[in-house]
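model.cif (mmCIF, C-alpha atoms) appears below.
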```cif
data_upload
#
loop_
_atom_site.label_atom_id
_atom_site.label_comp_id
_atom_site.auth_asym_id
_atom_site.auth_seq_id
_atom_site.Cartn_x
_atom_site.Cartn_y
_atom_site.Cartn_z
CA MET A 1 0.00 0.00 0.00
CA GLY A 2 1.58 3.29 -1.03
CA ILE A 3 1.44 6.57 0.85
CA LEU A 4 -0.61 8.00 -2.00
CA ASP A 5 -3.14 5.19 -1.86
CA PHE A 6 -5.36 6.90 0.71
CA LEU A 7 -6.21 9.41 -1.97
CA LYS A 8 -7.94 6.67 -3.93
CA ARG A 9 -11.18 5.24 -2.63
CA LYS A 10 -10.72 1.61 -1.67
CA PRO A 11 -13.39 -0.75 -2.96
CA GLU A 12 -15.26 -2.77 -0.33
CA PRO A 13 -14.15 -6.39 -0.26
CA SER A 14 -16.96 -8.09 -2.14
CA ALA A 15 -15.78 -11.66 -2.64
CA GLY A 16 -17.52 -12.77 0.57
CA VAL A 17 -20.85 -11.49 -0.69
CA ALA A 18 -20.33 -13.28 -4.00
CA ARG A 19 -19.48 -16.51 -2.18
CA GLU A 20 -22.61 -16.45 -0.02
CA ARG A 21 -24.93 -15.54 -2.89
CA LEU A 22 -23.50 -18.33 -5.02
CA ARG A 23 -23.77 -20.91 -2.23
CA ILE A 24 -27.48 -20.23 -1.88
CA ILE A 25 -28.40 -20.06 -5.57
CA VAL A 26 -26.32 -23.09 -6.54
CA ALA A 27 -27.83 -25.21 -3.76
CA GLN A 28 -31.32 -24.11 -4.77
CA GLU A 29 -30.79 -24.84 -8.45
CA ARG A 30 -29.27 -28.23 -7.70
CA SER A 31 -32.27 -29.29 -5.65
CA THR A 32 -34.63 -28.81 -8.56
CA ARG A 33 -32.26 -29.99 -11.28
CA GLY A 34 -32.85 -33.19 -13.16
CA GLY A 35 -36.33 -33.61 -11.77
CA PRO A 36 -39.12 -34.09 -14.27
CA ASP A 37 -40.88 -30.92 -15.44
CA TYR A 38 -44.19 -32.06 -13.99
CA LEU A 39 -43.00 -31.90 -10.37
CA PRO A 40 -44.12 -28.32 -9.60
CA LEU A 41 -47.51 -29.01 -11.21
CA LEU A 42 -47.89 -32.26 -9.31
CA ARG A 43 -47.05 -30.44 -6.12
CA ASN A 44 -49.76 -27.85 -6.72
CA GLU A 45 -52.43 -30.38 -7.57
CA LEU A 46 -51.58 -32.50 -4.55
CA LEU A 47 -51.79 -29.39 -2.45
CA GLU A 48 -55.29 -28.68 -3.82
CA VAL A 49 -56.44 -32.20 -2.93
CA ILE A 50 -54.96 -32.05 0.54
CA ARG A 51 -56.57 -28.68 1.12
CA LYS A 52 -59.99 -30.19 0.53
CA TYR A 53 -59.53 -32.06 3.77
CA VAL A 54 -56.91 -30.23 5.78
CA ASN A 55 -56.11 -26.56 5.79
CA VAL A 56 -52.40 -26.62 5.05
CA ASP A 57 -50.02 -23.96 3.94
CA VAL A 58 -48.18 -24.04 0.58
CA GLU A 59 -44.91 -24.39 2.43
CA ALA A 60 -46.19 -27.41 4.36
CA VAL A 61 -45.98 -29.71 1.35
CA ASN A 62 -42.56 -30.97 0.47
CA ILE A 63 -41.85 -33.09 -2.58
CA ASN A 64 -38.53 -34.79 -3.00
CA LEU A 65 -37.34 -36.98 -5.83
CA GLU A 66 -34.44 -39.27 -5.03
CA ARG A 67 -32.56 -41.38 -7.50
CA ASP A 68 -30.89 -44.61 -6.58
CA SER A 69 -29.28 -46.92 -9.07
CA GLY A 70 -32.15 -48.18 -11.16
CA HIS A 71 -35.10 -46.72 -9.31
CA GLU A 72 -36.52 -43.39 -8.22
CA VAL A 73 -38.31 -42.57 -5.00
CA LEU A 74 -40.87 -39.80 -4.91
CA GLU A 75 -41.14 -38.63 -1.34
CA LEU A 76 -44.06 -36.48 -0.26
CA SER A 77 -44.29 -35.01 3.20
CA VAL A 78 -47.11 -32.85 4.51
CA ALA A 79 -46.82 -31.03 7.78
CA LEU A 80 -50.34 -31.05 9.23
CA PRO A 81 -51.45 -28.07 11.28
CA ASP A 82 -52.35 -28.50 14.97
CA GLY A 83 -55.82 -27.03 14.57
CA LYS A 84 -59.10 -28.58 13.48
CA PRO A 85 -59.59 -30.00 10.00
CA ALA A 86 -61.07 -27.61 7.47
CA SER A 87 -64.80 -28.02 6.91
CA ALA A 88 -65.22 -29.91 3.67
CA MET B 1 -7.97 -45.59 -27.97
CA THR B 2 -9.11 -42.10 -28.88
CA GLU B 3 -10.06 -39.92 -25.93
CA ILE B 4 -12.55 -37.14 -26.51
CA ILE B 5 -12.18 -33.99 -24.42
CA VAL B 6 -14.85 -31.27 -24.47
CA VAL B 7 -13.89 -27.75 -23.41
CA THR B 8 -17.06 -26.09 -22.21
CA SER B 9 -18.37 -23.46 -19.77
CA GLY B 10 -21.93 -22.33 -20.37
CA LYS B 11 -20.99 -18.66 -20.18
CA GLY B 12 -19.24 -17.01 -23.12
CA GLY B 13 -15.94 -15.16 -23.07
CA VAL B 14 -14.36 -17.10 -20.21
CA GLY B 15 -11.55 -18.63 -22.29
CA LYS B 16 -12.88 -21.79 -23.93
CA THR B 17 -11.20 -21.28 -27.30
CA THR B 18 -7.96 -20.06 -25.70
CA THR B 19 -8.02 -23.20 -23.55
CA SER B 20 -8.89 -25.53 -26.44
CA ALA B 21 -6.01 -24.18 -28.52
CA SER B 22 -3.49 -24.43 -25.68
CA LEU B 23 -4.70 -27.82 -24.49
CA ALA B 24 -4.55 -29.32 -27.99
CA THR B 25 -1.12 -27.81 -28.61
CA GLY B 26 0.14 -28.99 -25.22
CA LEU B 27 -1.01 -32.55 -25.87
CA ALA B 28 0.70 -32.44 -29.27
CA ILE B 29 3.95 -31.25 -27.63
CA GLU B 30 3.70 -34.34 -25.43
CA GLY B 31 3.79 -36.44 -28.60
CA LYS B 32 0.08 -37.20 -28.86
CA LYS B 33 -1.78 -37.16 -32.17
CA VAL B 34 -4.43 -34.52 -31.65
CA ALA B 35 -7.37 -33.01 -33.53
CA VAL B 36 -9.09 -29.88 -32.23
CA ILE B 37 -12.60 -29.20 -33.52
CA ASP B 38 -14.50 -25.92 -33.44
CA PHE B 39 -18.19 -26.64 -32.67
CA ASP B 40 -19.24 -23.00 -32.80
CA VAL B 41 -21.16 -23.12 -36.08
CA GLY B 42 -21.62 -19.63 -37.48
CA LEU B 43 -19.02 -18.06 -35.21
CA ARG B 44 -15.76 -19.71 -36.23
CA ASN B 45 -12.82 -18.50 -34.13
CA LEU B 46 -10.55 -21.38 -33.21
CA ASP B 47 -8.78 -20.98 -36.57
CA LEU B 48 -7.76 -17.44 -35.61
CA ILE B 49 -6.46 -18.45 -32.19
CA MET B 50 -4.52 -21.34 -33.79
CA GLY B 51 -3.24 -19.01 -36.50
CA CYS B 52 -4.50 -21.04 -39.46
CA GLU B 53 -7.44 -18.87 -40.58
CA ARG B 54 -6.11 -18.38 -44.10
CA ARG B 55 -5.76 -22.09 -44.70
CA VAL B 56 -9.40 -23.05 -44.09
CA VAL B 57 -10.80 -24.55 -47.29
CA TYR B 58 -13.30 -27.08 -46.00
CA ASP B 59 -14.93 -27.17 -42.58
CA PHE B 60 -16.67 -29.48 -40.11
CA VAL B 61 -20.10 -29.10 -41.75
CA ASN B 62 -18.66 -29.89 -45.21
CA VAL B 63 -17.40 -33.18 -43.81
CA VAL B 64 -20.70 -33.99 -42.07
CA HIS B 65 -22.58 -33.31 -45.33
CA GLY B 66 -20.14 -35.34 -47.43
CA GLU B 67 -18.97 -32.31 -49.44
CA ALA B 68 -15.36 -32.95 -48.41
CA THR B 69 -13.43 -35.81 -46.89
CA LEU B 70 -12.10 -35.54 -43.36
CA LYS B 71 -8.55 -35.60 -44.76
CA GLN B 72 -9.30 -32.60 -46.96
CA ALA B 73 -10.83 -30.62 -44.11
CA LEU B 74 -8.20 -31.30 -41.41
CA ILE B 75 -5.71 -28.42 -41.33
CA LYS B 76 -2.25 -29.54 -40.34
CA ASP B 77 -0.67 -27.26 -37.74
CA LYS B 78 2.42 -25.40 -38.97
CA ARG B 79 4.29 -25.92 -35.72
CA HIS B 80 3.42 -29.50 -34.77
CA GLU B 81 3.00 -32.21 -37.35
CA ASN B 82 0.77 -34.39 -35.14
CA LEU B 83 -1.75 -31.59 -34.54
CA TYR B 84 -4.77 -30.89 -36.76
CA VAL B 85 -7.53 -28.28 -36.72
CA LEU B 86 -11.07 -28.79 -37.98
CA ALA B 87 -12.72 -25.39 -38.45
CA ALA B 88 -16.37 -24.57 -37.78
CA SER B 89 -18.60 -23.65 -40.67
CA GLN B 90 -19.66 -20.02 -41.07
CA THR B 91 -23.16 -21.08 -42.14
CA ARG B 92 -26.09 -19.54 -40.31
CA ASP B 93 -27.95 -22.83 -40.39
CA LYS B 94 -27.94 -23.94 -36.76
CA ASP B 95 -29.06 -27.44 -37.74
CA ALA B 96 -26.04 -28.00 -39.96
CA LEU B 97 -24.57 -30.38 -37.36
CA THR B 98 -26.36 -33.57 -36.40
CA GLN B 99 -25.60 -36.12 -33.74
CA GLU B 100 -25.09 -38.82 -36.38
CA GLY B 101 -22.80 -36.56 -38.41
CA VAL B 102 -20.66 -35.70 -35.39
CA GLU B 103 -20.47 -39.36 -34.39
CA LYS B 104 -19.32 -40.31 -37.90
CA VAL B 105 -16.50 -37.75 -37.85
CA LEU B 106 -15.37 -38.84 -34.37
CA GLU B 107 -15.37 -42.49 -35.45
CA GLU B 108 -13.30 -41.63 -38.48
CA LEU B 109 -10.77 -39.78 -36.30
CA ALA B 110 -10.56 -42.88 -34.09
CA LYS B 111 -9.78 -44.98 -37.18
CA GLU B 112 -6.97 -42.55 -38.04
CA ASN B 113 -5.44 -43.35 -34.64
CA PHE B 114 -5.84 -39.95 -33.05
CA ASP B 115 -4.98 -40.07 -29.34
CA PHE B 116 -7.09 -37.03 -28.43
CA VAL B 117 -9.92 -35.08 -29.97
CA VAL B 118 -10.48 -31.70 -28.31
CA CYS B 119 -13.99 -30.32 -28.87
CA ASP B 120 -14.22 -26.54 -28.47
CA SER B 121 -17.82 -25.95 -27.38
CA PRO B 122 -19.83 -22.84 -28.21
CA ALA B 123 -21.24 -20.83 -25.29
CA GLY B 124 -24.74 -21.56 -24.09
CA ILE B 125 -26.57 -24.84 -23.64
CA GLU B 126 -28.09 -25.08 -27.11
CA LYS B 127 -27.53 -27.72 -29.77
CA GLY B 128 -23.89 -26.91 -30.57
CA ALA B 129 -22.88 -27.11 -26.91
CA HIS B 130 -24.89 -30.31 -26.50
CA LEU B 131 -23.20 -31.96 -29.50
CA ALA B 132 -19.74 -30.87 -28.35
CA MET B 133 -20.19 -32.59 -24.98
CA TYR B 134 -22.33 -35.58 -25.99
CA PHE B 135 -19.57 -38.04 -26.95
CA ALA B 136 -16.92 -36.80 -24.51
CA ASP B 137 -14.79 -38.91 -22.17
CA HIS B 138 -13.32 -35.88 -20.38
CA ALA B 139 -14.75 -32.44 -19.81
CA VAL B 140 -12.72 -29.35 -19.06
CA VAL B 141 -15.13 -26.83 -17.55
CA VAL B 142 -13.62 -23.36 -17.90
CA VAL B 143 -14.70 -20.97 -15.15
CA ASN B 144 -13.80 -17.40 -14.17
CA PRO B 145 -13.82 -16.33 -10.51
CA GLU B 146 -17.02 -14.38 -11.07
CA VAL B 147 -20.64 -15.07 -10.03
CA SER B 148 -22.32 -15.63 -13.40
CA SER B 149 -19.55 -17.87 -14.68
CA VAL B 150 -19.58 -20.01 -11.52
CA ARG B 151 -23.35 -20.42 -11.63
CA ASP B 152 -23.30 -21.39 -15.32
CA SER B 153 -20.51 -23.88 -14.67
CA ASP B 154 -22.64 -25.62 -12.10
CA ARG B 155 -25.40 -25.89 -14.69
CA ILE B 156 -22.94 -27.37 -17.20
CA LEU B 157 -21.62 -29.86 -14.62
CA GLY B 158 -25.23 -31.01 -14.17
CA LEU B 159 -25.70 -31.44 -17.94
CA LEU B 160 -22.42 -33.36 -18.24
CA SER B 161 -23.64 -35.92 -15.75
CA SER B 162 -27.08 -36.34 -17.32
CA LYS B 163 -27.22 -35.37 -21.01
CA THR B 164 -24.21 -37.15 -22.46
CA ARG B 165 -23.78 -40.52 -24.10
CA ARG B 166 -21.94 -41.93 -21.09
CA ALA B 167 -24.77 -40.83 -18.80
CA GLU B 168 -27.53 -42.08 -21.09
CA LYS B 169 -25.88 -45.47 -21.54
CA GLY B 170 -25.11 -45.81 -17.85
CA GLU B 171 -21.37 -46.05 -18.52
CA ALA B 172 -18.62 -44.66 -16.29
CA PRO B 173 -19.26 -40.92 -15.95
CA ILE B 174 -17.31 -38.28 -17.87
CA LYS B 175 -14.15 -37.21 -16.04
CA GLN B 176 -14.81 -33.63 -15.03
CA HIS B 177 -11.92 -31.17 -14.77
CA LEU B 178 -12.47 -27.64 -13.50
CA LEU B 179 -10.15 -25.02 -14.99
CA LEU B 180 -10.12 -21.62 -13.29
CA THR B 181 -8.97 -18.90 -15.69
CA ARG B 182 -8.36 -15.14 -15.46
CA TYR B 183 -7.30 -15.56 -11.86
CA ASN B 184 -5.82 -12.56 -10.12
CA PRO B 185 -4.16 -13.53 -6.79
CA ASN B 186 -3.70 -9.90 -5.75
CA ARG B 187 -7.41 -9.19 -6.07
CA VAL B 188 -8.19 -12.42 -4.23
CA GLU B 189 -5.98 -11.31 -1.34
CA ALA B 190 -7.73 -7.95 -1.29
CA GLY B 191 -11.06 -9.75 -0.95
CA GLU B 192 -12.25 -8.52 -4.32
CA MET B 193 -12.29 -11.85 -6.13
CA LEU B 194 -13.44 -15.40 -5.36
CA SER B 195 -10.52 -17.63 -4.40
CA VAL B 196 -9.62 -21.07 -5.78
CA LYS B 197 -10.98 -22.56 -2.55
CA ASP B 198 -14.25 -20.58 -2.81
CA VAL B 199 -14.91 -21.83 -6.34
CA GLU B 200 -13.96 -25.40 -5.45
CA GLU B 201 -16.27 -25.37 -2.43
CA ILE B 202 -19.23 -23.88 -4.25
CA LEU B 203 -18.98 -26.30 -7.19
CA GLY B 204 -17.91 -29.30 -5.11
CA ILE B 205 -15.06 -30.22 -7.47
CA SER B 206 -11.35 -29.48 -7.33
CA VAL B 207 -9.47 -27.57 -10.00
CA VAL B 208 -7.23 -29.22 -12.59
CA GLY B 209 -5.48 -25.92 -13.15
CA VAL B 210 -5.50 -22.20 -12.41
CA ILE B 211 -4.56 -19.87 -15.25
CA PRO B 212 -3.54 -16.41 -14.02
CA GLU B 213 -4.92 -13.32 -15.70
CA SER B 214 -2.18 -12.34 -18.11
CA GLU B 215 -1.42 -9.78 -20.76
CA ASN B 216 0.25 -12.53 -22.72
CA VAL B 217 -3.10 -14.17 -23.52
CA LEU B 218 -4.19 -11.21 -25.65
CA ALA B 219 -0.74 -10.96 -27.23
CA ALA B 220 -0.92 -14.65 -28.11
CA SER B 221 -4.36 -14.34 -29.70
CA ASN B 222 -3.23 -11.23 -31.58
CA ALA B 223 -0.39 -13.27 -33.04
CA GLY B 224 -2.38 -16.47 -33.64
CA VAL B 225 -0.02 -18.50 -31.45
CA PRO B 226 -1.57 -20.53 -28.60
CA VAL B 227 -0.41 -18.99 -25.30
CA ILE B 228 0.98 -22.34 -24.11
CA LEU B 229 3.85 -21.77 -26.58
CA ASP B 230 4.83 -18.58 -24.75
CA ASP B 231 7.36 -19.95 -22.28
CA ASN B 232 7.86 -16.57 -20.68
CA SER B 233 4.26 -16.15 -19.63
CA ASN B 234 2.74 -17.46 -16.42
CA ALA B 235 -0.44 -18.33 -18.30
CA GLY B 236 1.51 -20.46 -20.77
CA GLN B 237 3.30 -22.29 -17.96
CA ALA B 238 0.05 -22.81 -16.08
CA TYR B 239 -1.46 -24.38 -19.23
CA LYS B 240 1.58 -26.69 -19.50
CA ASP B 241 1.00 -27.81 -15.90
CA THR B 242 -2.69 -28.36 -16.66
CA VAL B 243 -1.91 -30.57 -19.67
CA ALA B 244 0.47 -32.63 -17.50
CA ARG B 245 -2.27 -33.10 -14.87
CA ILE B 246 -4.82 -34.17 -17.48
CA LEU B 247 -2.29 -36.76 -18.63
CA GLY B 248 -2.18 -38.05 -15.05
CA ASN B 249 1.02 -36.39 -13.78
CA GLU B 250 1.14 -34.44 -10.54
CA ARG B 251 2.10 -30.79 -10.62
CA PRO B 252 1.77 -28.27 -7.77
CA LEU B 253 -0.48 -25.26 -8.44
CA ARG B 254 1.56 -22.20 -9.36
CA PHE B 255 0.82 -18.48 -9.71
CA ILE B 256 -1.93 -18.49 -7.10
CA GLU B 257 -0.06 -16.40 -4.53
CA PRO B 258 -0.05 -12.59 -4.71
CA VAL B 259 2.93 -10.96 -6.34
CA LYS B 260 4.67 -8.73 -3.82
CA LYS B 261 5.20 -5.20 -5.04
CA GLY B 262 8.68 -3.73 -5.23
CA PHE B 263 9.84 -0.99 -2.87
CA LEU B 264 9.07 1.93 -5.17
CA LYS B 265 5.61 0.64 -5.91
CA ARG B 266 4.95 0.14 -2.22
CA VAL B 267 5.91 3.73 -1.52
CA PHE B 268 4.21 5.36 -4.44
CA GLY B 269 1.40 2.89 -5.06
CA GLY B 270 0.29 1.71 -8.45
#
```

As structure tokens, what does this structure read like?
Amino acid sequence: MGILDFLKRKPEPSAGVARERLRIIVAQERSTRGGPDYLPLLRNELLEVIRKYVNVDVEAVNINLERDSGHEVLELSVALPDGKPASA
Amino acid sequence: MTEIIVVTSGKGGVGKTTTSASLATGLAIEGKKVAVIDFDVGLRNLDLIMGCERRVVYDFVNVVHGEATLKQALIKDKRHENLYVLAASQTRDKDALTQEGVEKVLEELAKENFDFVVCDSPAGIEKGAHLAMYFADHAVVVVNPEVSSVRDSDRILGLLSSKTRRAEKGEAPIKQHLLLTRYNPNRVEAGEMLSVKDVEEILGISVVGVIPESENVLAASNAGVPVILDDNSNAGQAYKDTVARILGNERPLRFIEPVKKGFLKRVFGG
């Protein structure tokens, strides 16, 4: 660092921000990658059916597709609310 | 056996063609018989970087369409007799290349006893990029320490493990090599640029080489001489190390530590 450097404005270190942003977006994109295109649609329709009986939130339904050698497992988990069931 | 290496990245302008030219030349220096193919139909550039642009008579699409033989279209490198260039066509027809056509050319190169075929992929994830990676045994994913390039590389790594012949046939997966280019150790130290470790951690794969940002890369492309032939440049030496690693030899990473400034520069800055 030279004695004249204080005259220049120093840029904020930004690599840390880049690293954190990338970690999040890459993880998110990996989780949906390779899954069939119908998954989001399936999720919504399942949610509609479940809502006929239980009043659940969009975030309460979790769909996960796992691949093992030779077979795929579609995992569906629904977090049910504590309250009473919705009136049908 | 002929090994097919795709040089790809997703994002444009990160150094795919520079890398293809240097990698192919480096393999040829090591005594391998090498062909380097430009898959960027409509935007031919490998010929310029290799310095053979005035000797292109027939191109890749001519061979696929049977308008020329492979022998006629392969341009022999002036500097290395076991190195050949196959130029991309300048046609605007994006469907000029077909999977069958590419396969036929690669099979013919195998019959001619080529050790390596380097496929220089176009940017993007469209047909040209897909064809460049489809038959590959190795992939060199070129990435810059910059957010959009890193994200696109992750996308490409996903495609390499799902949309290639090896993946579709359930064979051993493509060997993936991450090549970090335009690296500036001083900016990394200042916290202005993602580090080698950052990129490796985010992508979950270790680097096969780190090419420092260098003025010599532009000088080399200006002259039409692959930068690996510039022994005085750090970038050229880093490419030589990378070629050695791809051939299975161990080499320590160089040029990833900041260059200390001299006394005058420390006093007066700059």

**OP:** Please write the residues picked by the PyMOL selection byres ((chain B) within 10 of (chain A)) on this file as a PyMOL selection string.
**Re:** chain B and resi 145-148+150-152+154-155+158-159+161-163+170+187-195+198-199+201-203+261+263-270

**OP:** List the residues matched by the PyMOL selection byres ((chain B and resi 17) around 9) in the displayed structure as a PyMOL selection string, ordered by chain and then by residue number.
**Re:** chain B and resi 7+13-16+18-22+38+45-46+49+120-122

Let's have the selection written as a CSV table (one decimal), in the frame of the given file, with C-alpha atoms.
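Saved as selection01.csv:
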```csv
chain,number,residue,atom,x,y,z
B,7,VAL,CA,-13.9,-27.8,-23.4
B,13,GLY,CA,-15.9,-15.2,-23.1
B,14,VAL,CA,-14.4,-17.1,-20.2
B,15,GLY,CA,-11.6,-18.6,-22.3
B,16,LYS,CA,-12.9,-21.8,-23.9
B,18,THR,CA,-8.0,-20.1,-25.7
B,19,THR,CA,-8.0,-23.2,-23.6
B,20,SER,CA,-8.9,-25.5,-26.4
B,21,ALA,CA,-6.0,-24.2,-28.5
B,22,SER,CA,-3.5,-24.4,-25.7
B,38,ASP,CA,-14.5,-25.9,-33.4
B,45,ASN,CA,-12.8,-18.5,-34.1
B,46,LEU,CA,-10.6,-21.4,-33.2
B,49,ILE,CA,-6.5,-18.4,-32.2
B,120,ASP,CA,-14.2,-26.5,-28.5
B,121,SER,CA,-17.8,-26.0,-27.4
B,122,PRO,CA,-19.8,-22.8,-28.2
```

**OP:** Compare B:Ser214, B:Asn82, B:Asn184, B:Thr242 by their minimum atom-to-atom distance to Pro258 in chain B, counting all atoms listed in the file, and give me the closest one.
**Re:**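 Checking each candidate against Pro258 in chain B, we get B:Asn184 as the closest.
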
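The spacing separating CA of Gly42 in chain B from CA of Ala235 in chain B amounts to 28.6 Å.
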
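Among the candidates B:Ala24, B:Asn216, B:Ala88, B:Val225, the one nearest to Val63 in chain B when counting all atoms listed in the file is B:Ala88.
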
Original post:
Once the PyMOL selection byres ((chain A and resi 61) around 7) has been applied to the shown file, what residues remain in the selection, as a PyMOL selection string?
Top reply: chain A and resi 47+58-60+62-63+77-79

Original post:
Please, what distance in Å, to one decimal, runs between CA of Val41 in chain B and CA of Asn113 in chain B?
Top reply: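 Calculated distance between CA of Val41 in chain B and CA of Asn113 in chain B is 25.7 Å.
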